[in-house]
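Trainee: Quick one: this structure, given as structure tokens, is what I'll be asking you about.
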Amino acid sequence: MVECELLSKCGFFNKHQDSKQAACSGFIAMYCKGAKMDECKRKAYRKEHGVAPSDDMMPTGSMISS
């Protein structure tokens, strides 16, 4: 299985990989280990700003509300 090259240092993945929330596990399947890997807004943010976004920024660019 192909995984994102940034997985080991991705705050979203590390924080939410064991989440039971369907949204988090779905995003991880699609973006971190799936076909939408190159569409990840977290990856684009890191490339544009040179730093990682908030751990609560989802791969879609939306923030997880607490």
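Chain labels follow the order of the structure tokens: the first chain is A, the next B, and so on; residue numbering restarts at 1 in every chain, and ligands are counted from 1 in their shown order.
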Residues within 7 Å of Phe12 of chain A, please, as a list in words. Count only C-alpha atoms; anything in the same chain fewer than 2 positions from it doesn't count.

Mentor: Cys10, Asn14, Lys15, His16, Asp55, Asp56, Met57 and Met58 of chain A

Trainee: Do you know which residues are at most 12 Å from Gly61 of chain A counting only C-alpha atoms, after dropping those on the same chain fewer than 5 positions away, and could you put them as a PDB file with C-alpha atoms, in the first residue's frame?

Mentor:
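Below is the file part.pdb, written as the result:
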ATOM      1  CA  PHE A  12      -3.116  15.208  11.807  1.00  0.00           C
ATOM      2  CA  PHE A  27      -9.780  11.132   5.441  1.00  0.00           C
ATOM      3  CA  TYR A  31      -5.603  11.218   1.667  1.00  0.00           C
ATOM      4  CA  GLU A  39      -4.696  16.726  -3.181  1.00  0.00           C
ATOM      5  CA  CYS A  40      -3.904  17.038   0.550  1.00  0.00           C
ATOM      6  CA  LYS A  41      -4.261  20.663   1.686  1.00  0.00           C
ATOM      7  CA  ARG A  42      -1.939  19.936   4.635  1.00  0.00           C
ATOM      8  CA  LYS A  43       0.832  19.015   2.206  1.00  0.00           C
ATOM      9  CA  ALA A  44       0.174  22.159   0.144  1.00  0.00           C
ATOM     10  CA  TYR A  45       0.204  24.319   3.299  1.00  0.00           C
ATOM     11  CA  ARG A  46       3.554  22.867   4.383  1.00  0.00           C
ATOM     12  CA  PRO A  53      -0.286  23.370   9.763  1.00  0.00           C
ATOM     13  CA  SER A  54      -2.260  22.836  12.968  1.00  0.00           C
ATOM     14  CA  ASP A  55      -2.708  19.178  13.925  1.00  0.00           C
ATOM     15  CA  ASP A  56      -6.462  19.776  13.707  1.00  0.00           C
TER      16      ASP A  56
END

Trainee: Report as an NGL selection string all protein, DNA and RNA residues lying within 12 Å of Cys4 of chain A, evaluated on only C-alpha atoms, omitting residues in the same chain fewer than 3 positions from it.

Mentor: :A and (1 or 7-10 or 13 or 28-40 or 42-43 or 59)

Trainee: Hey, can you spit out that residue selection with N, CA and C atoms as a compact mmCIF listing (two decimals), in the first residue's frame?

Mentor:
# COMPACT_ATOMS: atom_id res chain seq x y z
N MET A 1 0.83 -1.17 0.00
CA MET A 1 0.00 0.00 0.00
C MET A 1 0.88 1.25 0.00
N LEU A 7 3.84 11.10 6.21
CA LEU A 7 3.03 10.46 7.24
C LEU A 7 3.69 10.48 8.61
N SER A 8 4.96 10.17 8.69
CA SER A 8 5.63 10.07 10.00
C SER A 8 5.70 11.41 10.73
N LYS A 9 5.64 12.53 9.98
CA LYS A 9 5.70 13.83 10.64
C LYS A 9 4.41 14.63 10.48
N CYS A 10 3.35 13.98 10.09
CA CYS A 10 2.06 14.65 9.92
C CYS A 10 1.31 14.69 11.25
N PHE A 13 -2.26 13.04 11.12
CA PHE A 13 -2.21 11.58 11.13
C PHE A 13 -1.81 11.07 12.51
N ILE A 28 -8.06 9.73 6.43
CA ILE A 28 -6.77 9.04 6.45
C ILE A 28 -6.72 8.00 5.33
N ALA A 29 -7.80 7.26 5.13
CA ALA A 29 -7.84 6.25 4.06
C ALA A 29 -7.73 6.89 2.68
N MET A 30 -8.38 8.04 2.49
CA MET A 30 -8.39 8.69 1.18
C MET A 30 -7.14 9.50 0.89
N TYR A 31 -6.69 10.27 1.89
CA TYR A 31 -5.60 11.22 1.67
C TYR A 31 -4.23 10.71 2.11
N CYS A 32 -4.16 10.04 3.25
CA CYS A 32 -2.86 9.61 3.78
C CYS A 32 -2.39 8.30 3.14
N LYS A 33 -3.35 7.48 2.74
CA LYS A 33 -3.01 6.17 2.20
C LYS A 33 -3.82 5.85 0.95
N GLY A 34 -4.26 6.87 0.25
CA GLY A 34 -5.14 6.61 -0.88
C GLY A 34 -4.94 7.52 -2.07
N ALA A 35 -5.94 7.51 -2.92
CA ALA A 35 -5.87 8.15 -4.23
C ALA A 35 -5.79 9.68 -4.18
N LYS A 36 -6.22 10.30 -3.09
CA LYS A 36 -6.22 11.76 -3.02
C LYS A 36 -4.97 12.32 -2.35
N MET A 37 -3.95 11.51 -2.23
CA MET A 37 -2.71 11.90 -1.55
C MET A 37 -2.14 13.22 -2.08
N ASP A 38 -2.18 13.42 -3.38
CA ASP A 38 -1.60 14.62 -3.97
C ASP A 38 -2.53 15.83 -3.87
N GLU A 39 -3.73 15.63 -3.35
CA GLU A 39 -4.70 16.73 -3.18
C GLU A 39 -4.75 17.22 -1.73
N CYS A 40 -3.89 16.71 -0.88
CA CYS A 40 -3.90 17.04 0.55
C CYS A 40 -3.56 18.51 0.76
N ARG A 42 -3.00 19.86 3.62
CA ARG A 42 -1.94 19.94 4.64
C ARG A 42 -0.57 19.94 3.95
N LYS A 43 -0.43 19.10 2.95
CA LYS A 43 0.83 19.01 2.21
C LYS A 43 1.09 20.33 1.46
N PRO A 59 -7.05 16.99 5.96
CA PRO A 59 -6.48 16.98 4.61
C PRO A 59 -7.28 17.81 3.61

Trainee: DSSP on the backbone, then: every residue of chain A marked alpha helix (DSSP H), written as number ranges by chain.

Mentor: A: 11-16, 22-27, 41-49

Trainee: I need the residues from that last selection saved to file as an mmCIF file, in the first residue's frame (with C-alpha atoms), if you can.

Mentor:
data_model
loop_
_atom_site.group_PDB
_atom_site.id
_atom_site.type_symbol
_atom_site.label_atom_id
_atom_site.label_comp_id
_atom_site.auth_asym_id
_atom_site.auth_seq_id
_atom_site.Cartn_x
_atom_site.Cartn_y
_atom_site.Cartn_z
ATOM 1 C CA GLY A 11 0.387 16.053 13.036
ATOM 2 C CA PHE A 12 -3.116 15.208 11.807
ATOM 3 C CA PHE A 13 -2.207 11.584 11.133
ATOM 4 C CA ASN A 14 -0.287 11.131 14.373
ATOM 5 C CA LYS A 15 -3.028 12.736 16.467
ATOM 6 C CA HIS A 16 -6.049 11.134 14.778
ATOM 7 C CA ALA A 22 -15.629 8.085 10.815
ATOM 8 C CA ALA A 23 -14.533 11.391 9.288
ATOM 9 C CA CYS A 24 -10.946 11.078 10.521
ATOM 10 C CA SER A 25 -10.548 7.447 9.484
ATOM 11 C CA GLY A 26 -12.115 8.218 6.101
ATOM 12 C CA PHE A 27 -9.780 11.132 5.441
ATOM 13 C CA LYS A 41 -4.261 20.663 1.686
ATOM 14 C CA ARG A 42 -1.939 19.936 4.635
ATOM 15 C CA LYS A 43 0.832 19.015 2.206
ATOM 16 C CA ALA A 44 0.174 22.159 0.144
ATOM 17 C CA TYR A 45 0.204 24.319 3.299
ATOM 18 C CA ARG A 46 3.554 22.867 4.383
ATOM 19 C CA LYS A 47 5.033 23.487 0.936
ATOM 20 C CA GLU A 48 3.732 27.068 0.780
ATOM 21 C CA HIS A 49 4.548 28.156 4.351
#
